[in-house]
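Data file: coords-v4.json. Format and content: JSON, C-alpha atoms.
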[["chain", "number", "residue", "atom", "x", "y", "z"],
["A", 425, "MET", "CA", 21.25, -33.57, 22.16],
["A", 426, "ALA", "CA", 18.36, -33.95, 19.69],
["A", 427, "HIS", "CA", 15.91, -32.92, 22.41],
["A", 428, "GLN", "CA", 17.86, -29.72, 23.02],
["A", 429, "GLY", "CA", 17.72, -28.97, 19.27],
["A", 430, "ARG", "CA", 13.92, -29.25, 19.24],
["A", 431, "GLY", "CA", 13.71, -26.95, 22.24],
["A", 432, "ASN", "CA", 15.85, -24.37, 20.52],
["A", 433, "SER", "CA", 13.75, -24.70, 17.36],
["A", 434, "PHE", "CA", 10.55, -24.18, 19.36],
["A", 435, "GLU", "CA", 12.06, -21.18, 21.12],
["A", 436, "ALA", "CA", 13.16, -19.72, 17.79],
["A", 437, "ILE", "CA", 9.65, -20.11, 16.34],
["A", 438, "ALA", "CA", 8.11, -18.58, 19.47],
["A", 439, "MET", "CA", 10.51, -15.63, 19.34],
["A", 440, "ALA", "CA", 9.88, -15.13, 15.62],
["A", 441, "THR", "CA", 6.12, -15.13, 16.24],
["A", 442, "ILE", "CA", 6.46, -12.58, 19.05],
["A", 443, "LEU", "CA", 8.64, -10.42, 16.83],
["A", 444, "LEU", "CA", 6.15, -10.54, 13.94],
["A", 445, "VAL", "CA", 3.21, -9.67, 16.20],
["A", 446, "SER", "CA", 5.16, -6.77, 17.73],
["A", 447, "LEU", "CA", 6.19, -5.50, 14.31],
["A", 448, "SER", "CA", 2.61, -5.73, 13.05],
["A", 449, "LEU", "CA", 1.32, -3.72, 16.02],
["A", 450, "HIS", "CA", 4.06, -1.13, 15.49],
["A", 451, "LEU", "CA", 3.28, -0.76, 11.80],
["A", 452, "ASN", "CA", -0.42, -0.27, 12.50],
["A", 453, "THR", "CA", 0.47, 2.55, 14.89],
["A", 454, "VAL", "CA", 2.96, 4.08, 12.47],
["A", 455, "ARG", "CA", 0.44, 4.09, 9.64],
["A", 456, "ALA", "CA", -1.96, 6.42, 11.46],
["A", 457, "THR", "CA", -2.72, 9.44, 9.32],
["A", 458, "ASP", "CA", -3.15, 13.00, 10.52],
["A", 459, "PHE", "CA", -6.04, 14.84, 8.87],
["A", 460, "ILE", "CA", -6.19, 18.62, 9.26],
["A", 461, "VAL", "CA", -9.87, 19.45, 9.68],
["A", 462, "GLY", "CA", -10.83, 22.05, 7.08],
["A", 463, "ASP", "CA", -7.53, 21.49, 5.25],
["A", 464, "ALA", "CA", -5.69, 24.81, 4.72],
["A", 465, "ASN", "CA", -8.62, 26.81, 6.14],
["A", 466, "GLY", "CA", -8.53, 24.94, 9.45],
["A", 467, "TRP", "CA", -11.38, 24.47, 11.94],
["A", 468, "GLY", "CA", -13.96, 27.08, 11.03],
["A", 469, "PHE", "CA", -17.45, 27.72, 9.74],
["A", 470, "ASN", "CA", -18.99, 25.45, 7.10],
["A", 471, "VAL", "CA", -16.62, 22.51, 7.65],
["A", 472, "GLN", "CA", -19.43, 19.99, 8.24],
["A", 473, "SER", "CA", -18.95, 18.45, 4.76],
["A", 474, "TRP", "CA", -15.11, 18.39, 4.99],
["A", 475, "SER", "CA", -15.04, 14.68, 5.91],
["A", 476, "ASN", "CA", -17.15, 13.58, 2.92],
["A", 477, "GLY", "CA", -15.25, 11.06, 0.80],
["A", 478, "LYS", "CA", -12.41, 10.59, 3.29],
["A", 479, "ASN", "CA", -11.55, 7.12, 4.57],
["A", 480, "PHE", "CA", -10.67, 7.22, 8.25],
["A", 481, "LYS", "CA", -9.14, 4.32, 10.16],
["A", 482, "VAL", "CA", -9.13, 3.67, 13.89],
["A", 483, "GLY", "CA", -6.13, 5.52, 15.32],
["A", 484, "ASP", "CA", -6.03, 8.19, 12.63],
["A", 485, "ASN", "CA", -5.91, 11.70, 14.05],
["A", 486, "LEU", "CA", -8.03, 14.73, 13.39],
["A", 487, "VAL", "CA", -5.99, 17.89, 13.85],
["A", 488, "PHE", "CA", -8.02, 20.98, 14.66],
["A", 489, "LYS", "CA", -6.19, 24.26, 13.93],
["A", 490, "TYR", "CA", -7.98, 27.41, 15.07],
["A", 491, "ASN", "CA", -7.76, 30.60, 17.11],
["A", 492, "PRO", "CA", -8.24, 29.39, 20.71],
["A", 493, "GLN", "CA", -9.56, 32.79, 21.77],
["A", 494, "ALA", "CA", -12.47, 32.43, 19.33],
["A", 495, "HIS", "CA", -13.26, 28.69, 19.16],
["A", 496, "ASN", "CA", -12.99, 25.30, 20.84],
["A", 497, "VAL", "CA", -13.47, 21.64, 19.94],
["A", 498, "VAL", "CA", -15.83, 19.42, 21.91],
["A", 499, "LYS", "CA", -16.30, 15.68, 21.37],
["A", 500, "VAL", "CA", -20.02, 14.88, 21.45],
["A", 501, "ASP", "CA", -22.38, 12.01, 20.64],
["A", 502, "ALA", "CA", -24.81, 11.89, 17.69],
["A", 503, "ASN", "CA", -27.49, 13.79, 19.63],
["A", 504, "GLY", "CA", -25.03, 16.51, 20.56],
["A", 505, "TYR", "CA", -23.93, 16.76, 16.94],
["A", 506, "GLN", "CA", -27.50, 17.11, 15.67],
["A", 507, "SER", "CA", -28.60, 19.53, 18.40],
["A", 508, "CYS", "CA", -25.32, 21.49, 18.58],
["A", 509, "SER", "CA", -25.06, 20.92, 22.31],
["A", 510, "ALA", "CA", -22.55, 19.20, 24.55],
["A", 511, "ALA", "CA", -23.40, 17.14, 27.61],
["A", 512, "PRO", "CA", -21.74, 18.14, 30.88],
["A", 513, "GLY", "CA", -18.28, 16.61, 31.08],
["A", 514, "SER", "CA", -17.82, 16.26, 27.31],
["A", 515, "PRO", "CA", -14.12, 16.26, 26.36],
["A", 516, "THR", "CA", -13.25, 19.86, 25.48],
["A", 517, "TYR", "CA", -10.11, 21.01, 23.67],
["A", 518, "THR", "CA", -8.89, 24.60, 23.65],
["A", 519, "SER", "CA", -5.25, 24.66, 22.52],
["A", 520, "GLY", "CA", -5.85, 25.84, 18.96],
["A", 521, "ASN", "CA", -3.85, 22.86, 17.68],
["A", 522, "ASP", "CA", -5.67, 19.79, 18.99],
["A", 523, "LYS", "CA", -4.78, 16.30, 17.78],
["A", 524, "ILE", "CA", -7.52, 13.77, 18.55],
["A", 525, "ALA", "CA", -7.28, 10.04, 17.75],
["A", 526, "LEU", "CA", -10.35, 8.49, 16.16],
["A", 527, "SER", "CA", -12.11, 5.54, 17.74],
["A", 528, "LYS", "CA", -14.05, 2.89, 15.83],
["A", 529, "GLY", "CA", -17.34, 4.09, 14.41],
["A", 530, "PRO", "CA", -18.68, 7.62, 14.29],
["A", 531, "ASN", "CA", -16.76, 10.43, 15.98],
["A", 532, "TYR", "CA", -18.52, 13.79, 16.37],
["A", 533, "PHE", "CA", -17.04, 17.22, 17.14],
["A", 534, "ILE", "CA", -18.57, 20.66, 17.50],
["A", 535, "CYS", "CA", -17.58, 24.18, 18.53],
["A", 536, "THR", "CA", -19.65, 25.20, 21.55],
["A", 537, "VAL", "CA", -19.14, 28.94, 21.22],
["A", 538, "PRO", "CA", -22.73, 30.20, 20.87],
["A", 539, "GLY", "CA", -23.91, 30.13, 17.25],
["A", 540, "HIS", "CA", -20.79, 28.54, 15.79],
["A", 541, "CYS", "CA", -22.06, 24.95, 15.49],
["A", 542, "SER", "CA", -25.29, 26.12, 13.86],
["A", 543, "MET", "CA", -23.12, 27.96, 11.29],
["A", 544, "GLY", "CA", -21.50, 24.66, 10.32],
["A", 545, "MET", "CA", -18.64, 24.46, 12.78],
["A", 546, "LYS", "CA", -19.11, 20.75, 13.34],
["A", 547, "VAL", "CA", -17.69, 17.62, 11.77],
["A", 548, "GLN", "CA", -18.21, 13.89, 11.91],
["A", 549, "ALA", "CA", -15.65, 11.24, 11.00],
["A", 550, "ILE", "CA", -16.48, 7.55, 10.76],
["A", 551, "ALA", "CA", -13.45, 5.33, 11.42],
["A", 552, "SER", "CA", -13.28, 1.68, 10.37]]
In structure tokens, write the structure found in this file.
Amino acid sequence: MAHQGRGNSFEAIAMATILLVSLSLHLNTVRATDFIVGDANGWGFNVQSWSNGKNFKVGDNLVFKYNPQAHNVVKVDANGYQSCSAAPGSPTYTSGNDKIALSKGPNYFICTVPGHCSMGMKVQAIAS
């Protein structure tokens, strides 16, 4: 009978541990923050400094709101960000209300409509 009690105690501890780990993972997902790029002005010209002073976490979302007939959002690397060019196959968003989760480290986005990136329609967000 005592052996059965220890087994139940072990099972209870194991279940409690699984529950705590699951809850922790859920809370980390729930705590993701949505950031509207450009705030009330949305995704537009001269937003390159919008991310200054913001603290982004892995899993936070950038929300790009724009006129899809005039702009797009393309995820690029650092070179693409600096040169305002996207490599073939770069993820491209065109809905006008794009929600993109941040990965660890620097995340770079530009508009590839000719001339737009060079007029400041680009943003970087560094997630920790």
Residues of segment 458-502 of chain A that have any atom at most 7 Å from an atom of segment 522-540 of chain A: could you tabulate them with the shortest-distance atom pair and the distance in Å to one decimal, using only C-alpha atoms, ordered by chain and increasing number, as JSON lines?
{"residue": "A:Phe469", "atom": "CA", "partner": "A:His540", "partner_atom": "CA", "distance": 7.0}
{"residue": "A:Val482", "atom": "CA", "partner": "A:Ser527", "partner_atom": "CA", "distance": 5.2}
{"residue": "A:Gly483", "atom": "CA", "partner": "A:Leu526", "partner_atom": "CA", "distance": 5.2}
{"residue": "A:Asp484", "atom": "CA", "partner": "A:Ala525", "partner_atom": "CA", "distance": 5.6}
{"residue": "A:Asn485", "atom": "CA", "partner": "A:Ala525", "partner_atom": "CA", "distance": 4.3}
{"residue": "A:Leu486", "atom": "CA", "partner": "A:Ile524", "partner_atom": "CA", "distance": 5.3}
{"residue": "A:Val487", "atom": "CA", "partner": "A:Lys523", "partner_atom": "CA", "distance": 4.4}
{"residue": "A:Phe488", "atom": "CA", "partner": "A:Asp522", "partner_atom": "CA", "distance": 5.1}
{"residue": "A:Lys489", "atom": "CA", "partner": "A:Asp522", "partner_atom": "CA", "distance": 6.8}
{"residue": "A:His495", "atom": "CA", "partner": "A:Val537", "partner_atom": "CA", "distance": 6.2}
{"residue": "A:Asn496", "atom": "CA", "partner": "A:Cys535", "partner_atom": "CA", "distance": 5.3}
{"residue": "A:Val497", "atom": "CA", "partner": "A:Cys535", "partner_atom": "CA", "distance": 5.0}
{"residue": "A:Val498", "atom": "CA", "partner": "A:Ile534", "partner_atom": "CA", "distance": 5.3}
{"residue": "A:Lys499", "atom": "CA", "partner": "A:Phe533", "partner_atom": "CA", "distance": 4.6}
{"residue": "A:Val500", "atom": "CA", "partner": "A:Tyr532", "partner_atom": "CA", "distance": 5.4}
{"residue": "A:Asp501", "atom": "CA", "partner": "A:Tyr532", "partner_atom": "CA", "distance": 6.0}
{"residue": "A:Ala502", "atom": "CA", "partner": "A:Tyr532", "partner_atom": "CA", "distance": 6.7}
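Of the residues under consideration (A:Tyr490, A:Tyr505, A:Phe480, A:Phe459), A:Tyr505 shows the shortest atom-to-atom contact distance to Lys546 of chain A when counting only C-alpha atoms.
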If the box runs along x, y and z of the file and leaves 6 Å on each side of segment 523-542 of chain A, what are its centre and edge lengths in Å, one decimal, as lines of an AutoDock Vina configuration file?
center_x = -15.0
center_y = 16.5
center_z = 17.7
size_x = 32.5
size_y = 39.3
size_z = 19.7
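Compared by their closest atoms to Gly544 of chain A, and using only C-alpha atoms, the residues A:Asn465, A:Gln472, A:Gln493, A:Thr457 rank with A:Gln472 nearest.
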